[in-house]
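Participant: My structure file run_3.cif, mmCIF, C-alpha atoms, is below:
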```cif
data_final
#
loop_
_atom_site.label_atom_id
_atom_site.label_comp_id
_atom_site.auth_asym_id
_atom_site.auth_seq_id
_atom_site.Cartn_x
_atom_site.Cartn_y
_atom_site.Cartn_z
CA MET A 296 6.47 28.29 33.04
CA ILE A 297 5.88 25.81 30.22
CA ARG A 298 4.48 22.52 31.49
CA ILE A 299 5.49 19.37 29.58
CA PRO A 300 3.55 16.15 30.23
CA LEU A 301 5.60 13.58 32.17
CA LEU A 302 5.05 10.91 29.50
CA LEU A 303 6.57 13.14 26.82
CA LEU A 304 9.58 13.85 29.02
CA ILE A 305 10.13 10.13 29.55
CA LEU A 306 9.83 9.43 25.85
CA PHE A 307 12.15 12.29 24.93
CA PHE A 308 14.98 11.56 27.36
CA HIS A 309 14.84 7.79 27.61
CA THR A 310 13.66 6.51 24.22
CA SER A 311 16.39 4.95 22.11
CA LEU A 312 16.08 5.60 18.40
CA VAL A 313 17.45 2.20 17.38
CA GLY A 314 15.00 -0.68 17.78
CA GLN A 315 12.12 1.57 18.71
CA GLU A 316 8.70 0.20 17.77
CA ILE A 317 6.37 2.64 16.02
CA ILE A 318 2.67 1.95 16.53
CA LEU A 319 0.46 3.03 13.62
CA ASP A 320 -2.88 3.50 15.34
CA LYS A 321 -4.77 5.86 13.02
CA LYS A 322 -6.09 5.27 9.51
CA ALA A 323 -7.18 7.47 6.60
CA SER A 324 -9.55 6.06 3.99
CA LEU A 325 -8.33 5.60 0.43
CA GLU A 326 -11.39 7.38 -0.96
CA GLN A 327 -9.64 10.65 -0.12
CA VAL A 328 -7.19 10.12 -3.02
CA TYR A 329 -9.63 8.77 -5.63
CA GLN A 330 -9.33 10.42 -9.04
CA GLU A 331 -11.82 10.47 -11.90
CA ALA A 332 -13.09 6.96 -12.61
CA TYR A 333 -13.19 5.18 -15.98
CA GLU A 334 -15.79 2.59 -16.97
CA SER A 335 -15.40 -0.16 -19.56
CA ASP A 336 -16.72 -3.63 -20.39
CA GLY A 337 -13.15 -4.96 -20.25
CA LEU A 338 -9.96 -4.16 -18.36
CA LEU A 339 -7.95 -1.13 -19.48
CA PRO A 340 -4.18 -0.81 -18.97
CA MET A 341 -2.80 2.18 -17.08
CA ASN A 342 -1.71 4.07 -20.20
CA GLU A 343 -5.39 4.18 -21.28
CA LEU A 344 -6.22 5.63 -17.86
CA ASP A 345 -3.76 8.50 -18.48
CA MET A 346 -1.22 6.99 -16.08
CA GLU A 347 2.43 6.06 -16.59
CA PHE A 348 2.98 4.62 -13.12
CA GLY A 349 1.30 4.41 -9.72
CA TYR A 350 -1.81 2.73 -8.36
CA VAL A 351 -5.24 1.89 -9.78
CA LEU A 352 -8.31 0.29 -8.21
CA TYR A 353 -10.19 -2.07 -10.56
CA GLN A 354 -13.78 -2.86 -9.43
CA SER A 355 -16.47 -5.20 -10.71
CA GLU A 356 -19.39 -7.24 -9.40
CA ILE A 357 -19.09 -11.01 -9.61
CA THR A 358 -21.45 -13.92 -8.95
CA THR A 359 -20.12 -17.14 -7.45
CA GLU A 360 -21.83 -20.51 -7.55
CA THR A 361 -19.63 -22.26 -4.98
CA GLU A 362 -17.57 -21.38 -1.92
CA SER A 363 -14.32 -21.52 -3.93
CA ALA A 364 -13.75 -20.16 -7.43
CA ALA A 365 -10.68 -19.64 -9.64
CA LEU A 366 -9.98 -16.07 -10.74
CA ALA A 367 -7.55 -15.93 -13.69
CA LEU A 368 -6.00 -12.92 -15.45
CA GLU A 369 -4.09 -12.72 -18.72
CA ASN A 370 -1.82 -9.82 -17.70
CA VAL A 371 -0.83 -8.50 -14.27
CA ARG A 372 1.68 -5.64 -14.38
CA ASP A 373 3.06 -5.72 -11.85
CA TYR A 374 1.35 -6.49 -8.52
CA ALA A 375 -2.31 -6.81 -7.55
CA ALA A 376 -3.93 -7.27 -4.14
CA VAL A 377 -7.26 -9.10 -4.55
CA TYR A 378 -10.20 -8.25 -2.26
CA ILE A 379 -13.71 -9.68 -2.10
CA ASP A 380 -16.25 -7.56 -0.20
CA GLY A 381 -13.37 -5.68 1.41
CA LYS A 382 -11.48 -8.78 2.58
CA LEU A 383 -8.04 -9.70 1.27
CA GLN A 384 -7.93 -12.93 -0.76
CA GLY A 385 -4.31 -12.89 -1.90
CA ILE A 386 -1.80 -11.48 -4.35
CA LEU A 387 -1.38 -11.71 -8.12
CA THR A 388 1.75 -10.96 -10.17
CA ASN A 389 2.73 -11.53 -13.79
CA SER A 390 4.26 -14.86 -12.74
CA GLN A 391 1.22 -15.84 -10.64
CA LYS A 392 -1.92 -14.96 -12.59
CA GLU A 393 -4.52 -17.18 -10.92
CA ILE A 394 -5.95 -17.22 -7.42
CA SER A 395 -8.67 -19.18 -5.65
CA ILE A 396 -11.19 -16.87 -4.00
CA ASN A 397 -13.24 -18.13 -1.08
CA THR A 398 -16.69 -16.78 -0.30
CA SER A 399 -20.32 -17.80 -0.07
CA PRO A 400 -22.36 -18.31 -3.27
CA GLY A 401 -23.98 -15.11 -4.52
CA LYS A 402 -23.08 -11.60 -5.68
CA HIS A 403 -19.90 -9.98 -4.42
CA GLN A 404 -17.74 -6.92 -4.95
CA LEU A 405 -14.38 -7.74 -6.56
CA GLU A 406 -11.62 -5.19 -6.04
CA LEU A 407 -8.08 -5.42 -7.39
CA TYR A 408 -5.63 -2.82 -6.13
CA VAL A 409 -2.82 -2.67 -8.67
CA GLU A 410 0.65 -1.09 -8.58
CA ASN A 411 2.94 -0.54 -11.55
CA ILE A 412 6.48 -1.00 -10.27
CA GLY A 413 7.72 1.01 -13.24
CA ARG A 414 10.19 -1.47 -14.62
CA ILE A 415 10.61 -2.43 -18.27
CA THR A 416 9.06 -5.78 -19.16
CA TYR A 417 11.62 -8.38 -20.21
CA GLY A 418 11.48 -11.73 -21.99
CA PRO A 419 9.01 -12.47 -24.79
CA GLU A 420 6.87 -9.45 -23.74
CA ILE A 421 9.72 -6.90 -23.97
CA LEU A 422 7.97 -4.94 -26.77
CA ASP A 423 4.75 -4.68 -24.73
CA ASN A 424 5.26 -2.37 -21.78
CA SER A 425 1.61 -1.82 -20.90
CA LYS A 426 1.02 -1.68 -17.15
CA GLY A 427 -1.88 -2.44 -14.85
CA LEU A 428 -4.44 -5.13 -15.74
CA PHE A 429 -5.41 -5.86 -19.32
CA GLY A 430 -6.48 -8.71 -21.55
CA ASN A 431 -8.85 -11.46 -20.47
CA ILE A 432 -10.05 -12.00 -16.91
CA SER A 433 -12.31 -14.86 -15.91
CA LEU A 434 -14.00 -16.45 -12.92
CA GLU A 435 -14.32 -20.21 -13.28
CA GLY A 436 -13.76 -19.78 -17.02
CA GLU A 437 -16.48 -17.13 -17.45
CA PRO A 438 -15.41 -13.57 -18.39
CA VAL A 439 -15.68 -10.83 -15.76
CA GLU A 440 -17.03 -7.62 -17.34
CA ASN A 441 -18.36 -4.15 -16.50
CA TRP A 442 -15.31 -2.61 -14.86
CA LYS A 443 -14.87 0.62 -12.96
CA MET A 444 -11.23 1.76 -12.81
CA ILE A 445 -10.14 4.45 -10.34
CA PRO A 446 -6.64 5.97 -10.50
CA LEU A 447 -5.30 6.57 -6.99
CA ASN A 448 -3.23 9.66 -6.20
CA ILE A 449 -0.95 7.93 -3.70
CA ARG A 450 2.66 9.01 -4.16
CA GLU A 451 1.85 12.65 -4.96
CA CYS A 452 -0.81 13.13 -2.30
CA VAL A 453 -0.42 15.78 0.42
CA VAL A 454 -0.39 13.55 3.48
CA GLN A 455 -0.92 16.40 5.95
CA ASP A 456 -4.31 17.02 4.29
CA LEU A 457 -5.51 13.45 4.90
CA VAL A 458 -8.13 12.96 7.60
CA PHE A 459 -7.14 10.18 10.02
CA ASP A 460 -9.38 8.41 12.51
CA SER A 461 -8.44 5.92 15.22
CA SER A 462 -11.85 4.22 14.91
CA ILE A 463 -11.47 3.16 11.24
CA ASP A 464 -11.02 -0.61 11.22
CA THR A 465 -11.73 -1.66 7.65
CA GLN A 466 -9.59 -4.35 6.05
CA THR A 467 -9.19 -2.53 2.73
CA PRO A 468 -5.98 -0.61 1.90
CA GLY A 469 -5.46 2.84 3.35
CA PHE A 470 -3.02 5.23 5.00
CA TYR A 471 -1.76 4.49 8.53
CA LYS A 472 -0.25 7.06 10.87
CA GLY A 473 1.85 6.85 14.00
CA THR A 474 4.27 8.93 16.05
CA PHE A 475 7.63 8.32 17.68
CA TYR A 476 10.03 10.38 19.78
CA ILE A 477 13.80 10.78 19.52
CA ARG A 478 16.33 12.71 21.59
CA SER A 479 18.97 13.06 18.84
CA GLN A 480 18.92 13.16 15.05
CA GLU A 481 20.92 10.41 13.38
CA ASN A 482 20.76 8.35 10.21
CA THR A 483 18.66 5.23 10.70
CA TYR A 484 16.56 2.67 8.83
CA LEU A 485 12.85 1.93 8.85
CA ASP A 486 12.23 -1.83 9.04
CA THR A 487 9.29 -2.70 6.73
CA SER A 488 9.35 -6.46 7.42
CA GLY A 489 5.88 -8.00 7.37
CA TRP A 490 4.35 -5.30 5.19
CA GLY A 491 3.26 -5.83 1.56
CA MET A 492 3.72 -3.05 -0.97
CA GLY A 493 3.41 0.65 -0.38
CA GLU A 494 4.87 4.06 0.39
CA VAL A 495 6.23 5.88 3.46
CA TRP A 496 6.33 9.52 4.56
CA ILE A 497 8.23 10.94 7.53
CA ASN A 498 7.17 14.34 8.87
CA ASN A 499 5.11 14.91 5.70
CA LYS A 500 8.13 14.25 3.43
CA TYR A 501 8.01 11.33 1.00
CA LEU A 502 10.60 8.77 2.12
CA GLY A 503 10.34 5.90 -0.37
CA SER A 504 8.56 2.68 -1.28
CA PHE A 505 8.70 -0.94 -0.11
CA TRP A 506 7.77 -4.31 -1.59
CA GLU A 507 7.68 -7.62 0.23
CA GLN A 508 9.37 -9.44 -2.66
CA GLU A 509 12.50 -7.30 -2.47
CA LYS A 510 15.45 -8.67 -0.50
CA GLN A 511 15.96 -5.40 1.36
CA LYS A 512 13.29 -4.84 4.01
CA SER A 513 14.19 -1.33 5.08
CA ILE A 514 14.20 2.29 3.93
CA GLN A 515 16.93 4.69 5.00
CA ILE A 516 15.93 7.78 6.98
CA GLN A 517 18.37 10.66 6.79
CA SER A 518 19.00 12.54 10.02
CA ASP A 519 17.82 15.78 8.37
CA ASP A 520 14.38 14.24 7.88
CA LEU A 521 13.96 13.68 11.63
CA ILE A 522 12.98 16.14 14.34
CA GLN A 523 14.33 16.16 17.87
CA GLY A 524 11.31 15.18 19.90
CA LYS A 525 8.06 14.11 18.22
CA ASN A 526 8.10 12.65 14.68
CA GLU A 527 5.22 11.49 12.52
CA ILE A 528 5.11 8.59 10.07
CA VAL A 529 2.46 7.80 7.44
CA VAL A 530 2.41 4.43 5.65
CA PHE A 531 0.30 3.32 2.69
CA ASP A 532 0.08 -0.44 2.13
CA LEU A 533 -1.87 -2.47 -0.42
CA LYS A 534 -2.42 -5.53 1.71
CA ASN A 535 -1.32 -5.86 5.33
CA TYR A 536 -4.20 -4.36 7.25
CA GLN A 537 -3.28 -6.56 10.24
CA GLN A 538 0.22 -5.12 10.49
CA LYS A 539 0.14 -2.27 13.00
CA SER A 540 3.77 -1.36 13.66
CA MET A 541 7.25 -0.82 12.22
CA ARG A 542 10.67 -0.63 13.86
CA LEU A 543 13.74 1.57 13.55
CA SER A 544 17.07 -0.13 12.88
CA ALA A 545 20.68 1.03 13.03
CA THR A 546 21.55 -1.02 9.95
CA PRO A 547 19.76 -2.09 6.73
CA VAL A 548 17.40 -5.05 7.10
CA PHE A 549 17.52 -7.87 4.55
CA ASN A 550 15.40 -10.94 4.01
#
```
Mind converting the file's structure to structure tokens?
Facilitator:
Amino acid sequence: MIRIPLLLLILFFHTSLVGQEIILDKKASLEQVYQEAYESDGLLPMNELDMEFGYVLYQSEITTETESAALALENVRDYAAVYIDGKLQGILTNSQKEISINTSPGKHQLELYVENIGRITYGPEILDNSKGLFGNISLEGEPVENWKMIPLNIRECVVQDLVFDSSIDTQTPGFYKGTFYIRSQENTYLDTSGWGMGEVWINNKYLGSFWEQEKQKSIQIQSDDLIQGKNEIVVFDLKNYQQKSMRLSATPVFN
């Protein structure tokens, strides 16, 4: 006779798909999807890193003289999460190119995780469709140099090959994994409210992307992508390390 744990039986027969909270309690480090790094005195756009779209990590060492300093970029295409010593400082976009970073005086590791949304640039820059970070970057008016740029194999990665650990508690971006149980397969929506920018996989199949600045805060899940019983979700996010759960919804979620 096959013995099924009581908890699984309860989850299987009594868990409602709609409104169910999914806890993402395991994390995989981003180093697992690092590609060959590039080094340069100045910033290089994605096309010079042999990339048309996707994610890049830009790293440099900075020295601050005060507890607050202004970091300013000439071009941000299209979204950058700014970290100092592994702690999130804020977000930069092409319409918001300056941020105040807060830290103690001294040397620090600056990391900018950048995503190219893949859209054509409009307005006066329509003929320049470079992506990533490029042009001048300064800290309190002084140029930041000596960059290491690491393309990240996010969207094409094989998520089932990632190594997850429930003890990883770093604040830097990574992959988060959780499980949920359903008793019947039906079309539903994944509510991404509260998350920043990233990608989602269900049962090792790529589901789609999300961005906090979009009005729609959900991704549709087709019934064929679900399994009766236990399902697995993997989420990559550039910024919201404190967010630990998502919810299922019967209808699309809008801001």
Participant: Give me the residues within 8 Å of range 517-534 of chain A as number ranges by chain, counting all atoms listed in the file and dropping any in the same chain fewer than 3 places off.
Facilitator: A: 307, 376, 383, 408, 449, 454, 467-483, 490-500
Participant: Need the shell around range 331-345 of chain A: protein/DNA/RNA residues with any atom at most 12 Å away, counting all atoms listed in the file. Skip same-chain ones fewer than 6 positions apart. Format as a ChimeraX atom specification?
Facilitator: /A:351-356,368-373,407,409-413,423-433,438-448
Participant: Tell me, in Å to one decimal, how far CA of Arg450 in chain A is from CA of Leu502 in chain A.
Facilitator: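 A separation of 10.1 Å between them.
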Participant: Point out the residue among A:Ser462, A:Ser395, A:Asn389, A:Gln511 with the least atom-to-atom distance to Glu435 in chain A, counting only C-alpha atoms.
Facilitator: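 Counting only C-alpha atoms, the residue closest to Glu435 in chain A is A:Ser395.
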Participant: At what distance in Å, to one decimal, does CA of Val453 in chain A lie from CA of Ser544 in chain A?
Facilitator: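 Interatomic distance, CA of Ser544 in chain A to CA of Val453 in chain A: 26.7 Å.
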Participant: Choose the residue, out of A:Ser504, A:Ile386, A:Asp380, A:Phe348, that has the smallest atom-to-atom separation from Leu366 in chain A; count only C-alpha atoms.
Facilitator: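 Looking at the shortest contact to Leu366 in chain A, the residue is A:Ile386.
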